[in-house]
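Novice: Handing over model-v8.pdb, PDB, C-alpha atoms.
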ATOM      1  CA  ALA A 106       0.000   0.000   0.000  1.00  0.00           C
ATOM      2  CA  ASP A 107       1.032   3.638  -0.336  1.00  0.00           C
ATOM      3  CA  GLN A 108       1.806   3.711   3.389  1.00  0.00           C
ATOM      4  CA  ALA A 109       3.688   7.023   3.466  1.00  0.00           C
ATOM      5  CA  MET A 110       0.799   8.785   1.744  1.00  0.00           C
ATOM      6  CA  ILE A 111      -1.719   7.138   4.128  1.00  0.00           C
ATOM      7  CA  ASN A 112       0.237   8.239   7.195  1.00  0.00           C
ATOM      8  CA  LYS A 113       0.473  11.784   5.815  1.00  0.00           C
ATOM      9  CA  GLN A 114      -3.285  11.920   5.246  1.00  0.00           C
ATOM     10  CA  LEU A 115      -4.100  10.549   8.702  1.00  0.00           C
ATOM     11  CA  ALA A 116      -1.784  13.128  10.277  1.00  0.00           C
ATOM     12  CA  THR A 117      -4.053  15.898   8.959  1.00  0.00           C
ATOM     13  CA  ILE A 118      -6.953  14.732  11.151  1.00  0.00           C
ATOM     14  CA  THR A 119      -7.570  17.177  14.030  1.00  0.00           C
ATOM     15  CA  PRO A 120     -10.565  18.084  16.201  1.00  0.00           C
ATOM     16  CA  ALA A 121     -11.232  20.954  13.776  1.00  0.00           C
ATOM     17  CA  THR A 122     -10.922  18.701  10.683  1.00  0.00           C
ATOM     18  CA  PRO A 123     -11.790  15.201  11.896  1.00  0.00           C
ATOM     19  CA  LEU A 124     -12.655  13.748   8.464  1.00  0.00           C
ATOM     20  CA  VAL A 125     -10.347  12.794   5.601  1.00  0.00           C
ATOM     21  CA  ASP A 126     -10.812  10.602   2.537  1.00  0.00           C
ATOM     22  CA  PHE A 127      -8.351   9.445  -0.094  1.00  0.00           C
ATOM     23  CA  ASP A 128      -7.551   6.801  -2.700  1.00  0.00           C
ATOM     24  CA  HIS A 129      -4.586   4.471  -2.427  1.00  0.00           C
ATOM     25  CA  ARG A 130      -3.096   1.369  -4.009  1.00  0.00           C
ATOM     26  CA  VAL A 131      -2.974  -2.030  -2.365  1.00  0.00           C
ATOM     27  CA  ILE A 132      -0.737  -4.842  -3.597  1.00  0.00           C
ATOM     28  CA  MET A 133      -2.601  -8.107  -3.044  1.00  0.00           C
ATOM     29  CA  PRO A 134      -0.897 -11.389  -2.006  1.00  0.00           C
ATOM     30  CA  ASP A 135      -1.061 -12.580  -5.626  1.00  0.00           C
ATOM     31  CA  GLY A 136       0.806  -9.461  -6.766  1.00  0.00           C
ATOM     32  CA  MET A 137      -2.233  -7.795  -8.341  1.00  0.00           C
ATOM     33  CA  GLU A 138      -2.681  -4.068  -7.804  1.00  0.00           C
ATOM     34  CA  ARG A 139      -6.014  -2.865  -6.452  1.00  0.00           C
ATOM     35  CA  TRP A 140      -7.293   0.632  -5.664  1.00  0.00           C
ATOM     36  CA  HIS A 141      -9.265   1.425  -2.522  1.00  0.00           C
ATOM     37  CA  HIS A 142     -11.115   4.545  -1.396  1.00  0.00           C
ATOM     38  CA  TRP A 143     -11.142   5.115   2.355  1.00  0.00           C
ATOM     39  CA  THR A 144     -12.908   7.632   4.593  1.00  0.00           C
ATOM     40  CA  HIS A 145     -11.367   8.088   8.051  1.00  0.00           C
ATOM     41  CA  ARG A 146     -12.956   9.947  10.938  1.00  0.00           C
ATOM     42  CA  GLY A 147     -11.044  10.832  14.073  1.00  0.00           C
ATOM     43  CA  ILE A 148     -12.898  10.507  17.372  1.00  0.00           C
ATOM     44  CA  PHE A 149     -11.599  12.945  19.965  1.00  0.00           C
ATOM     45  CA  SER A 150     -12.170  13.343  23.702  1.00  0.00           C
ATOM     46  CA  ASN A 151     -13.330  16.635  25.237  1.00  0.00           C
ATOM     47  CA  ASP A 152      -9.733  17.718  25.779  1.00  0.00           C
ATOM     48  CA  GLY A 153      -8.853  17.105  22.117  1.00  0.00           C
ATOM     49  CA  THR A 154      -7.083  13.773  22.561  1.00  0.00           C
ATOM     50  CA  LEU A 155      -7.481  11.330  19.686  1.00  0.00           C
ATOM     51  CA  VAL A 156      -9.358   8.323  20.993  1.00  0.00           C
ATOM     52  CA  GLU A 157      -9.810   6.230  17.857  1.00  0.00           C
ATOM     53  CA  PHE A 158     -10.260   6.169  14.099  1.00  0.00           C
ATOM     54  CA  GLN A 159     -13.439   5.058  12.414  1.00  0.00           C
ATOM     55  CA  ALA A 160     -12.978   4.066   8.774  1.00  0.00           C
ATOM     56  CA  THR A 161     -14.993   2.793   5.828  1.00  0.00           C
ATOM     57  CA  GLY A 162     -13.521   1.660   2.526  1.00  0.00           C
ATOM     58  CA  ARG A 163     -14.519   0.342  -0.864  1.00  0.00           C
ATOM     59  CA  ASP A 164     -12.767  -1.117  -3.893  1.00  0.00           C
ATOM     60  CA  ILE A 165     -12.594   1.406  -6.756  1.00  0.00           C
ATOM     61  CA  THR A 166     -10.171  -0.490  -8.989  1.00  0.00           C
ATOM     62  CA  ARG A 167     -12.397  -0.474 -12.083  1.00  0.00           C
ATOM     63  CA  GLN A 168     -13.131   3.257 -11.758  1.00  0.00           C
ATOM     64  CA  LYS A 169      -9.482   4.112 -11.081  1.00  0.00           C
ATOM     65  CA  LEU A 170      -8.198   2.121 -14.047  1.00  0.00           C
ATOM     66  CA  LEU A 171     -10.695   3.928 -16.279  1.00  0.00           C
ATOM     67  CA  GLU A 172      -9.521   7.293 -14.921  1.00  0.00           C
ATOM     68  CA  LEU A 173      -5.888   6.361 -15.537  1.00  0.00           C
ATOM     69  CA  LYS A 174      -6.701   5.179 -19.057  1.00  0.00           C
ATOM     70  CA  LEU A 175      -8.549   8.410 -19.870  1.00  0.00           C
ATOM     71  CA  HIS A 176      -5.648  10.452 -18.478  1.00  0.00           C
ATOM     72  CA  ASP A 177      -3.207   8.434 -20.578  1.00  0.00           C
ATOM     73  CA  LEU A 178      -5.295   9.023 -23.701  1.00  0.00           C
ATOM     74  CA  ALA A 179      -5.488  12.738 -22.910  1.00  0.00           C
ATOM     75  CA  ILE A 180      -1.712  13.253 -22.870  1.00  0.00           C
ATOM     76  CA  HIS A 181      -0.577  10.881 -25.644  1.00  0.00           C
ATOM     77  CA  ASP A 182      -0.727  11.043 -29.418  1.00  0.00           C
ATOM     78  CA  HIS A 183      -3.138   8.365 -30.620  1.00  0.00           C
ATOM     79  CA  LEU A 184      -0.974   7.339 -33.601  1.00  0.00           C
ATOM     80  CA  THR A 185       2.590   7.197 -32.284  1.00  0.00           C
ATOM     81  CA  GLY A 186       2.044   6.783 -28.547  1.00  0.00           C
ATOM     82  CA  LEU A 187       4.354   9.728 -27.850  1.00  0.00           C
ATOM     83  CA  TYR A 188       3.176  12.670 -25.790  1.00  0.00           C
ATOM     84  CA  ASN A 189       0.813  15.037 -27.592  1.00  0.00           C
ATOM     85  CA  ARG A 190       0.994  18.766 -28.267  1.00  0.00           C
ATOM     86  CA  SER A 191      -1.056  19.733 -25.212  1.00  0.00           C
ATOM     87  CA  TYR A 192       1.138  17.804 -22.805  1.00  0.00           C
ATOM     88  CA  PHE A 193       4.313  19.102 -24.473  1.00  0.00           C
ATOM     89  CA  PHE A 194       3.338  22.708 -23.784  1.00  0.00           C
ATOM     90  CA  HIS A 195       2.175  21.826 -20.283  1.00  0.00           C
ATOM     91  CA  ARG A 196       5.597  20.352 -19.509  1.00  0.00           C
ATOM     92  CA  MET A 197       7.298  23.313 -21.157  1.00  0.00           C
ATOM     93  CA  GLU A 198       5.505  25.645 -18.738  1.00  0.00           C
ATOM     94  CA  ARG A 199       6.472  23.438 -15.790  1.00  0.00           C
ATOM     95  CA  LEU A 200      10.120  23.386 -16.863  1.00  0.00           C
ATOM     96  CA  GLU A 201      10.175  27.156 -17.227  1.00  0.00           C
ATOM     97  CA  GLN A 202       9.051  27.499 -13.605  1.00  0.00           C
ATOM     98  CA  GLY A 203      11.546  24.922 -12.343  1.00  0.00           C
ATOM     99  CA  ARG A 204      15.278  24.771 -11.736  1.00  0.00           C
ATOM    100  CA  ARG A 205      16.466  22.227 -14.306  1.00  0.00           C
ATOM    101  CA  PHE A 206      18.255  24.758 -16.481  1.00  0.00           C
ATOM    102  CA  PRO A 207      19.838  24.910 -18.938  1.00  0.00           C
ATOM    103  CA  VAL A 208      17.050  23.440 -21.063  1.00  0.00           C
ATOM    104  CA  SER A 209      17.460  22.507 -24.716  1.00  0.00           C
ATOM    105  CA  VAL A 210      14.539  22.427 -27.114  1.00  0.00           C
ATOM    106  CA  MET A 211      14.573  20.437 -30.337  1.00  0.00           C
ATOM    107  CA  MET A 212      12.173  20.580 -33.265  1.00  0.00           C
ATOM    108  CA  LEU A 213      11.993  17.918 -35.985  1.00  0.00           C
ATOM    109  CA  ASP A 214      10.052  17.743 -39.212  1.00  0.00           C
ATOM    110  CA  VAL A 215       9.740  14.468 -41.140  1.00  0.00           C
ATOM    111  CA  ASP A 216      10.964  14.965 -44.696  1.00  0.00           C
ATOM    112  CA  GLN A 217       8.736  14.112 -47.666  1.00  0.00           C
ATOM    113  CA  LEU A 218       5.783  12.803 -45.635  1.00  0.00           C
ATOM    114  CA  LYS A 219       3.360  14.278 -48.176  1.00  0.00           C
ATOM    115  CA  MET A 220       5.162  12.488 -50.996  1.00  0.00           C
ATOM    116  CA  VAL A 221       4.903   9.165 -49.142  1.00  0.00           C
ATOM    117  CA  ASN A 222       1.205   9.753 -48.468  1.00  0.00           C
ATOM    118  CA  ASP A 223       0.532  10.653 -52.110  1.00  0.00           C
ATOM    119  CA  GLN A 224       2.552   7.811 -53.669  1.00  0.00           C
ATOM    120  CA  TYR A 225       2.013   4.952 -51.216  1.00  0.00           C
ATOM    121  CA  GLY A 226      -1.087   5.914 -49.231  1.00  0.00           C
ATOM    122  CA  HIS A 227      -1.731   7.257 -45.750  1.00  0.00           C
ATOM    123  CA  ALA A 228      -1.043   3.885 -44.128  1.00  0.00           C
ATOM    124  CA  ALA A 229       2.537   4.155 -45.391  1.00  0.00           C
ATOM    125  CA  GLY A 230       2.721   7.721 -44.101  1.00  0.00           C
ATOM    126  CA  ASP A 231       1.462   6.596 -40.690  1.00  0.00           C
ATOM    127  CA  GLU A 232       4.084   3.846 -40.622  1.00  0.00           C
ATOM    128  CA  LEU A 233       6.777   6.432 -41.404  1.00  0.00           C
ATOM    129  CA  LEU A 234       5.581   8.555 -38.483  1.00  0.00           C
ATOM    130  CA  ASN A 235       5.548   5.526 -36.186  1.00  0.00           C
ATOM    131  CA  ARG A 236       9.080   4.584 -37.230  1.00  0.00           C
ATOM    132  CA  THR A 237      10.175   8.154 -36.555  1.00  0.00           C
ATOM    133  CA  ALA A 238       8.618   7.900 -33.095  1.00  0.00           C
ATOM    134  CA  ARG A 239      10.509   4.661 -32.399  1.00  0.00           C
ATOM    135  CA  VAL A 240      13.790   6.277 -33.446  1.00  0.00           C
ATOM    136  CA  LEU A 241      13.185   9.234 -31.132  1.00  0.00           C
ATOM    137  CA  ALA A 242      12.159   7.012 -28.211  1.00  0.00           C
ATOM    138  CA  ALA A 243      15.369   4.996 -28.621  1.00  0.00           C
ATOM    139  CA  ALA A 244      17.627   8.047 -28.877  1.00  0.00           C
ATOM    140  CA  PHE A 245      16.546  10.157 -25.905  1.00  0.00           C
ATOM    141  CA  ARG A 246      16.518   9.770 -22.126  1.00  0.00           C
ATOM    142  CA  ASN A 247      13.460   8.781 -20.085  1.00  0.00           C
ATOM    143  CA  GLU A 248      13.416  12.250 -18.534  1.00  0.00           C
ATOM    144  CA  ASP A 249      13.243  13.977 -21.929  1.00  0.00           C
ATOM    145  CA  VAL A 250       9.800  14.931 -23.195  1.00  0.00           C
ATOM    146  CA  ILE A 251       9.234  13.602 -26.720  1.00  0.00           C
ATOM    147  CA  ALA A 252       6.016  14.686 -28.403  1.00  0.00           C
ATOM    148  CA  ARG A 253       4.310  14.665 -31.745  1.00  0.00           C
ATOM    149  CA  LEU A 254       3.116  18.218 -32.132  1.00  0.00           C
ATOM    150  CA  GLY A 255       0.932  17.479 -35.145  1.00  0.00           C
ATOM    151  CA  GLY A 256       1.270  16.332 -38.723  1.00  0.00           C
ATOM    152  CA  ASP A 257       4.944  15.703 -39.446  1.00  0.00           C
ATOM    153  CA  GLU A 258       6.322  17.792 -36.559  1.00  0.00           C
ATOM    154  CA  PHE A 259       7.901  16.489 -33.366  1.00  0.00           C
ATOM    155  CA  GLY A 260       9.295  18.364 -30.383  1.00  0.00           C
ATOM    156  CA  ILE A 261      11.708  17.318 -27.639  1.00  0.00           C
ATOM    157  CA  LEU A 262      12.400  19.036 -24.324  1.00  0.00           C
ATOM    158  CA  LEU A 263      15.772  18.169 -22.768  1.00  0.00           C
ATOM    159  CA  PRO A 264      15.988  19.412 -19.158  1.00  0.00           C
ATOM    160  CA  GLY A 265      19.410  19.963 -17.637  1.00  0.00           C
ATOM    161  CA  THR A 266      21.012  19.921 -21.079  1.00  0.00           C
ATOM    162  CA  ASP A 267      23.523  22.562 -22.148  1.00  0.00           C
ATOM    163  CA  VAL A 268      24.736  23.287 -25.683  1.00  0.00           C
ATOM    164  CA  VAL A 269      27.451  20.613 -25.575  1.00  0.00           C
ATOM    165  CA  ALA A 270      25.110  17.938 -24.220  1.00  0.00           C
ATOM    166  CA  CYS A 271      22.498  18.928 -26.797  1.00  0.00           C
ATOM    167  CA  GLY A 272      25.041  18.428 -29.565  1.00  0.00           C
ATOM    168  CA  GLU A 273      25.813  14.994 -28.138  1.00  0.00           C
ATOM    169  CA  ALA A 274      22.095  14.195 -28.121  1.00  0.00           C
ATOM    170  CA  VAL A 275      21.846  15.174 -31.793  1.00  0.00           C
ATOM    171  CA  ALA A 276      24.831  12.935 -32.619  1.00  0.00           C
ATOM    172  CA  ARG A 277      23.233  10.051 -30.710  1.00  0.00           C
ATOM    173  CA  LEU A 278      19.974  10.615 -32.578  1.00  0.00           C
ATOM    174  CA  GLN A 279      21.823  10.451 -35.908  1.00  0.00           C
ATOM    175  CA  GLN A 280      23.470   7.173 -34.900  1.00  0.00           C
ATOM    176  CA  VAL A 281      20.133   5.630 -33.929  1.00  0.00           C
ATOM    177  CA  LEU A 282      18.584   6.900 -37.168  1.00  0.00           C
ATOM    178  CA  ASP A 283      21.408   5.476 -39.307  1.00  0.00           C
ATOM    179  CA  THR A 284      21.120   2.090 -37.588  1.00  0.00           C
ATOM    180  CA  HIS A 285      17.356   2.058 -38.069  1.00  0.00           C
ATOM    181  CA  ASN A 286      17.585   2.880 -41.766  1.00  0.00           C
ATOM    182  CA  ARG A 287      20.232   0.194 -42.344  1.00  0.00           C
ATOM    183  CA  GLU A 288      18.023  -2.427 -40.713  1.00  0.00           C
ATOM    184  CA  TYR A 289      14.762  -1.374 -42.359  1.00  0.00           C
ATOM    185  CA  ALA A 290      14.232  -2.133 -46.042  1.00  0.00           C
ATOM    186  CA  GLY A 291      11.400   0.349 -46.630  1.00  0.00           C
ATOM    187  CA  THR A 292      11.385   4.104 -47.142  1.00  0.00           C
ATOM    188  CA  PRO A 293      14.201   5.545 -44.994  1.00  0.00           C
ATOM    189  CA  VAL A 294      13.281   7.885 -42.164  1.00  0.00           C
ATOM    190  CA  ARG A 295      14.581  11.376 -42.859  1.00  0.00           C
ATOM    191  CA  PHE A 296      13.924  14.505 -40.876  1.00  0.00           C
ATOM    192  CA  SER A 297      15.141  18.059 -40.512  1.00  0.00           C
ATOM    193  CA  CYS A 298      16.167  19.208 -37.056  1.00  0.00           C
ATOM    194  CA  GLY A 299      16.728  22.452 -35.189  1.00  0.00           C
ATOM    195  CA  CYS A 300      17.874  23.018 -31.588  1.00  0.00           C
ATOM    196  CA  HIS A 301      18.243  25.875 -29.161  1.00  0.00           C
ATOM    197  CA  THR A 302      19.424  26.026 -25.548  1.00  0.00           C
ATOM    198  CA  VAL A 303      18.429  28.573 -22.913  1.00  0.00           C
ATOM    199  CA  ASP A 304      19.447  29.328 -19.331  1.00  0.00           C
ATOM    200  CA  GLN A 305      17.133  30.252 -16.483  1.00  0.00           C
ATOM    201  CA  GLY A 306      15.359  33.556 -16.995  1.00  0.00           C
ATOM    202  CA  ASN A 307      14.777  32.977 -20.696  1.00  0.00           C
ATOM    203  CA  LYS A 308      11.455  31.881 -22.134  1.00  0.00           C
ATOM    204  CA  LEU A 309      11.215  28.362 -23.507  1.00  0.00           C
ATOM    205  CA  ALA A 310       8.659  29.608 -26.025  1.00  0.00           C
ATOM    206  CA  ASP A 311      11.430  31.732 -27.532  1.00  0.00           C
ATOM    207  CA  ALA A 312      13.749  28.703 -27.561  1.00  0.00           C
ATOM    208  CA  LEU A 313      11.060  26.698 -29.336  1.00  0.00           C
ATOM    209  CA  SER A 314      10.633  29.446 -31.926  1.00  0.00           C
ATOM    210  CA  GLU A 315      14.395  29.602 -32.546  1.00  0.00           C
ATOM    211  CA  ALA A 316      14.624  25.799 -32.811  1.00  0.00           C
ATOM    212  CA  ASP A 317      11.747  25.868 -35.284  1.00  0.00           C
ATOM    213  CA  SER A 318      13.489  28.521 -37.397  1.00  0.00           C
ATOM    214  CA  ARG A 319      16.707  26.485 -37.472  1.00  0.00           C
ATOM    215  CA  MET A 320      14.744  23.375 -38.420  1.00  0.00           C
ATOM    216  CA  TYR A 321      13.104  25.250 -41.279  1.00  0.00           C
ATOM    217  CA  LEU A 322      16.494  26.417 -42.591  1.00  0.00           C
ATOM    218  CA  GLU A 323      17.793  22.850 -42.539  1.00  0.00           C
ATOM    219  CA  LYS A 324      14.649  21.653 -44.302  1.00  0.00           C
ATOM    220  CA  GLN A 325      15.096  24.259 -47.028  1.00  0.00           C
ATOM    221  CA  ALA A 326      18.731  23.242 -47.475  1.00  0.00           C
ATOM    222  CA  ARG A 327      17.711  19.584 -47.812  1.00  0.00           C
ATOM    223  CA  MET A 328      15.128  20.521 -50.459  1.00  0.00           C
ATOM    224  CA  VAL A 329      17.783  22.397 -52.437  1.00  0.00           C
ATOM    225  CA  GLU A 330      20.126  19.385 -52.206  1.00  0.00           C
ATOM    226  CA  ARG A 331      17.414  17.009 -53.449  1.00  0.00           C
ATOM    227  CA  TYR A 332      16.533  19.330 -56.316  1.00  0.00           C
ATOM    228  CA  ALA A 333      20.201  19.636 -57.316  1.00  0.00           C
ATOM    229  CA  ALA A 334      20.613  15.851 -57.175  1.00  0.00           C
ATOM    230  CA  ARG A 335      17.555  15.288 -59.397  1.00  0.00           C
ATOM    231  CA  SER A 336      18.742  17.922 -61.860  1.00  0.00           C
ATOM    232  CA  ALA A 337      22.183  16.329 -62.041  1.00  0.00           C
ATOM    233  CA  ALA A 338      20.637  12.906 -62.652  1.00  0.00           C
ATOM    234  CA  THR A 339      18.297  14.255 -65.352  1.00  0.00           C
ATOM    235  CA  ASN A 340      20.933  16.389 -67.080  1.00  0.00           C
ATOM    236  CA  PRO A 341      24.259  14.567 -66.748  1.00  0.00           C
TER     237      PRO A 341
END
Could you take the file, read its structure, and then write that structure out as structure tokens?
Specialist:
Amino acid sequence: ADQAMINKQLATITPATPLVDFDHRVIMPDGMERWHHWTHRGIFSNDGTLVEFQATGRDITRQKLLELKLHDLAIHDHLTGLYNRSYFFHRMERLEQGRRFPVSVMMLDVDQLKMVNDQYGHAAGDELLNRTARVLAAAFRNEDVIARLGGDEFGILLPGTDVVACGEAVARLQQVLDTHNREYAGTPVRFSCGCHTVDQGNKLADALSEADSRMYLEKQARMVERYAARSAATNP
């Protein structure tokens, strides 16, 4: 059971506030996790001394699991399973108010997703997005916030990450991407990337905007390279 939380809740019972209720987990003898809701009432003597607790409880496992499932759906992207746009910005606000600076922000845009959708169908485009998500999940730390922001755009928040560490993260991402593309026979995953790092006192929204601008510049450069390559192949 969540004993520390239970003890903390019971400690709030006083003659002025004799009633407290809360939910907590219970690990059953077979290892299964159950959720219980308990209401505790403190019975006090005339001089304010706690005499006893009276408590009633009920099993709320089904309700709690539904709540947890709905919460999970609310913060995750339905296609890739990564965090969604809403949760990304929620965490960005939390990081800005915290102390885990410097914070690096990364923006990625999957290259040629529209072409894949048009030529091979939206199922192929969805698979490309899912493969991108798997690459990102493999490349970053558990504490990093990886989200699909919509369409072909992804964002990553890297708390406690300075410019040097951010560069190392980009290099690690490239290694994971290269390995993935070598092992997968289908359309290779390609994306454009931009990063920016800020210290405490700077707005993460500004870092996100700068990372987005750098990503766009890289995307434009990639488009020019592809155009030049096609022209060279057509007009040797």
Novice: Have a look at CA of Val131 in chain A and CA of Glu248 in chain A and let me know their distance in Å, one decimal.
Specialist: 27.1 Å
Novice: If I take CA of Gly291 in chain A and CA of Gln224 in chain A, how far is one from the other in Å, to one decimal?
Specialist: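 These two atoms are separated by 13.5 Å.
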Novice: Have a look at CA of Leu241 in chain A and CA of Asn307 in chain A and let me know their distance in Å, one decimal.
Specialist: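 Separation of CA of Leu241 in chain A and CA of Asn307 in chain A: 26.0 Å.
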Novice: Up to 10 Å from (-12.9, 3.5, 7.9) in the file's coordinates: name the residues, counting all atoms listed in the file, as a list in words.
Specialist: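 All residues meeting the 10 Å criterion around (-12.9, 3.5, 7.9) are Val125, Asp126, His142, Trp143, Thr144, His145, Arg146, Gly147, Phe158, Gln159, Ala160, Thr161, Gly162 and Arg163 of chain A.
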Novice: Within 10 Å of range 298-304 of chain A, which residues of range 175-289 of chain A show up? Give each one with its shortest atom-to-atom distance in Å (one decimal) and the two atoms involved, counting all atoms listed in the file, rows by chain then rising residue number, as a Markdown table.
Specialist:
| residue | atom | partner | partner_atom | distance |
| --- | --- | --- | --- | --- |
| A:Glu201 | CA | A:Asp304 | CA | 9.8 |
| A:Arg204 | CA | A:Asp304 | CA | 9.8 |
| A:Arg205 | CA | A:Asp304 | CA | 9.2 |
| A:Phe206 | CA | A:Asp304 | CA | 5.5 |
| A:Pro207 | CA | A:Asp304 | CA | 4.5 |
| A:Val208 | CA | A:Val303 | CA | 5.6 |
| A:Ser209 | CA | A:Thr302 | CA | 4.1 |
| A:Val210 | CA | A:His301 | CA | 5.5 |
| A:Met211 | CA | A:Cys300 | CA | 4.4 |
| A:Met212 | CA | A:Gly299 | CA | 5.3 |
| A:Leu213 | CA | A:Cys298 | CA | 4.5 |
| A:Asp214 | CA | A:Cys298 | CA | 6.6 |
| A:Val215 | CA | A:Cys298 | CA | 9.0 |
| A:Glu258 | CA | A:Cys298 | CA | 10.0 |
| A:Phe259 | CA | A:Cys298 | CA | 9.5 |
| A:Gly260 | CA | A:Cys298 | CA | 9.6 |
| A:Ile261 | CA | A:Cys300 | CA | 9.3 |
| A:Leu262 | CA | A:Cys300 | CA | 9.9 |
| A:Leu263 | CA | A:Thr302 | CA | 9.1 |
| A:Pro264 | CA | A:Thr302 | CA | 9.8 |
| A:Gly265 | CA | A:Asp304 | CA | 9.5 |
| A:Thr266 | CA | A:Thr302 | CA | 7.7 |
| A:Asp267 | CA | A:Thr302 | CA | 6.4 |
| A:Val268 | CA | A:Thr302 | CA | 6.0 |
| A:Val269 | CA | A:Thr302 | CA | 9.7 |
| A:Ala270 | CA | A:Thr302 | CA | 10.0 |
| A:Cys271 | CA | A:Cys300 | CA | 7.8 |
| A:Gly272 | CA | A:Cys300 | CA | 8.7 |
| A:Val275 | CA | A:Cys298 | CA | 8.7 |
Novice: Using all atoms listed in the file, which of the listed residues (A:Arg319, A:His129, A:His183, A:Lys169) sits closest to Asn112 in chain A?
Specialist: A:His129
Novice: With all atoms listed in the file as the atoms that count, which of A:Ala238, A:Val294, A:Ile111, A:Ala274 lies nearest to Gln217 in chain A?
Specialist: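 Under the stated criterion, the closest residue is A:Val294.
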Novice: Once the PyMOL selection byres ((chain A and resi 230) around 12) has been applied to the shown file, what residues remain in the selection, as an MDAnalysis selection string?
Specialist: chainID A and resid 184:185 215:229 231:237 256:257 291:294
Novice: Quick one: everything within 7 Å of Pro120 in chain A, counting all atoms listed in the file, minus sequence neighbours fewer than 2 positions away in the same chain. Send it as a ChimeraX atom specification.
Specialist: /A:122-123,149,153
Novice: With the file shown as input, list the residues that the PyMOL selection byres ((chain A and resi 166) around 8) selects, as a compact mmCIF listing (two decimals) with C-alpha atoms, keeping the file's coordinate frame.
Specialist:
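Contents of the output file result-v3.txt:
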# COMPACT_ATOMS: atom_id res chain seq x y z
CA ARG A 139 -6.01 -2.86 -6.45
CA TRP A 140 -7.29 0.63 -5.66
CA HIS A 141 -9.26 1.42 -2.52
CA ASP A 164 -12.77 -1.12 -3.89
CA ILE A 165 -12.59 1.41 -6.76
CA ARG A 167 -12.40 -0.47 -12.08
CA GLN A 168 -13.13 3.26 -11.76
CA LYS A 169 -9.48 4.11 -11.08
CA LEU A 170 -8.20 2.12 -14.05
Novice: So that I can check the surroundings of Asn189 in chain A, please list as a list of chain:residue names every protein, DNA and RNA residue that reaches within 7 Å of it, counting all atoms listed in the file and ignoring chain neighbours fewer than 4 positions away.
Specialist: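 Returned residues: A:Ile180, A:His181, A:Asp182, A:Phe193, A:Ala252, A:Arg253, A:Leu254.
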Novice: Nearest to Arg190 in chain A among A:Leu171, A:Val250, A:Ala243, A:Gln305, with distances taken over only C-alpha atoms: which residue is it?
Specialist: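 Ranking A:Leu171, A:Val250, A:Ala243, A:Gln305 by distance to Arg190 in chain A, first place goes to A:Val250.
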Novice: Can you patch up range 253-265 of chain A, filling it in to N, CA and C atoms, and show the result as a PDB file, keeping the file's coordinate frame?
Specialist:
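Saved file selection16.pdb follows:
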ATOM      1  N   ARG A 253       4.724  14.336 -30.380  1.00  0.00           N
ATOM      2  CA  ARG A 253       4.310  14.665 -31.745  1.00  0.00           C
ATOM      3  C   ARG A 253       3.402  15.879 -31.643  1.00  0.00           C
ATOM      4  N   LEU A 254       3.839  16.955 -32.257  1.00  0.00           N
ATOM      5  CA  LEU A 254       3.116  18.218 -32.132  1.00  0.00           C
ATOM      6  C   LEU A 254       1.991  18.341 -33.141  1.00  0.00           C
ATOM      7  N   GLY A 255       1.964  17.450 -34.124  1.00  0.00           N
ATOM      8  CA  GLY A 255       0.932  17.479 -35.145  1.00  0.00           C
ATOM      9  C   GLY A 255       1.527  17.273 -36.518  1.00  0.00           C
ATOM     10  N   GLY A 256       0.787  16.560 -37.369  1.00  0.00           N
ATOM     11  CA  GLY A 256       1.270  16.332 -38.723  1.00  0.00           C
ATOM     12  C   GLY A 256       2.610  15.650 -38.721  1.00  0.00           C
ATOM     13  N   ASP A 257       3.598  16.287 -39.351  1.00  0.00           N
ATOM     14  CA  ASP A 257       4.944  15.703 -39.446  1.00  0.00           C
ATOM     15  C   ASP A 257       5.934  16.336 -38.483  1.00  0.00           C
ATOM     16  N   GLU A 258       5.441  17.077 -37.485  1.00  0.00           N
ATOM     17  CA  GLU A 258       6.322  17.792 -36.559  1.00  0.00           C
ATOM     18  C   GLU A 258       6.412  17.100 -35.201  1.00  0.00           C
ATOM     19  N   PHE A 259       7.632  17.054 -34.684  1.00  0.00           N
ATOM     20  CA  PHE A 259       7.901  16.489 -33.366  1.00  0.00           C
ATOM     21  C   PHE A 259       8.711  17.494 -32.564  1.00  0.00           C
ATOM     22  N   GLY A 260       8.530  17.489 -31.264  1.00  0.00           N
ATOM     23  CA  GLY A 260       9.295  18.364 -30.383  1.00  0.00           C
ATOM     24  C   GLY A 260       9.880  17.576 -29.230  1.00  0.00           C
ATOM     25  N   ILE A 261      11.053  17.976 -28.767  1.00  0.00           N
ATOM     26  CA  ILE A 261      11.708  17.318 -27.639  1.00  0.00           C
ATOM     27  C   ILE A 261      12.190  18.384 -26.667  1.00  0.00           C
ATOM     28  N   LEU A 262      11.885  18.185 -25.392  1.00  0.00           N
ATOM     29  CA  LEU A 262      12.400  19.036 -24.324  1.00  0.00           C
ATOM     30  C   LEU A 262      13.469  18.247 -23.578  1.00  0.00           C
ATOM     31  N   LEU A 263      14.648  18.848 -23.421  1.00  0.00           N
ATOM     32  CA  LEU A 263      15.772  18.169 -22.768  1.00  0.00           C
ATOM     33  C   LEU A 263      16.188  18.973 -21.543  1.00  0.00           C
ATOM     34  N   PRO A 264      15.631  18.661 -20.366  1.00  0.00           N
ATOM     35  CA  PRO A 264      15.988  19.412 -19.158  1.00  0.00           C
ATOM     36  C   PRO A 264      17.416  19.120 -18.717  1.00  0.00           C
ATOM     37  N   GLY A 265      18.046  20.130 -18.121  1.00  0.00           N
ATOM     38  CA  GLY A 265      19.410  19.963 -17.637  1.00  0.00           C
ATOM     39  C   GLY A 265      20.408  19.665 -18.732  1.00  0.00           C
TER      40      GLY A 265
END
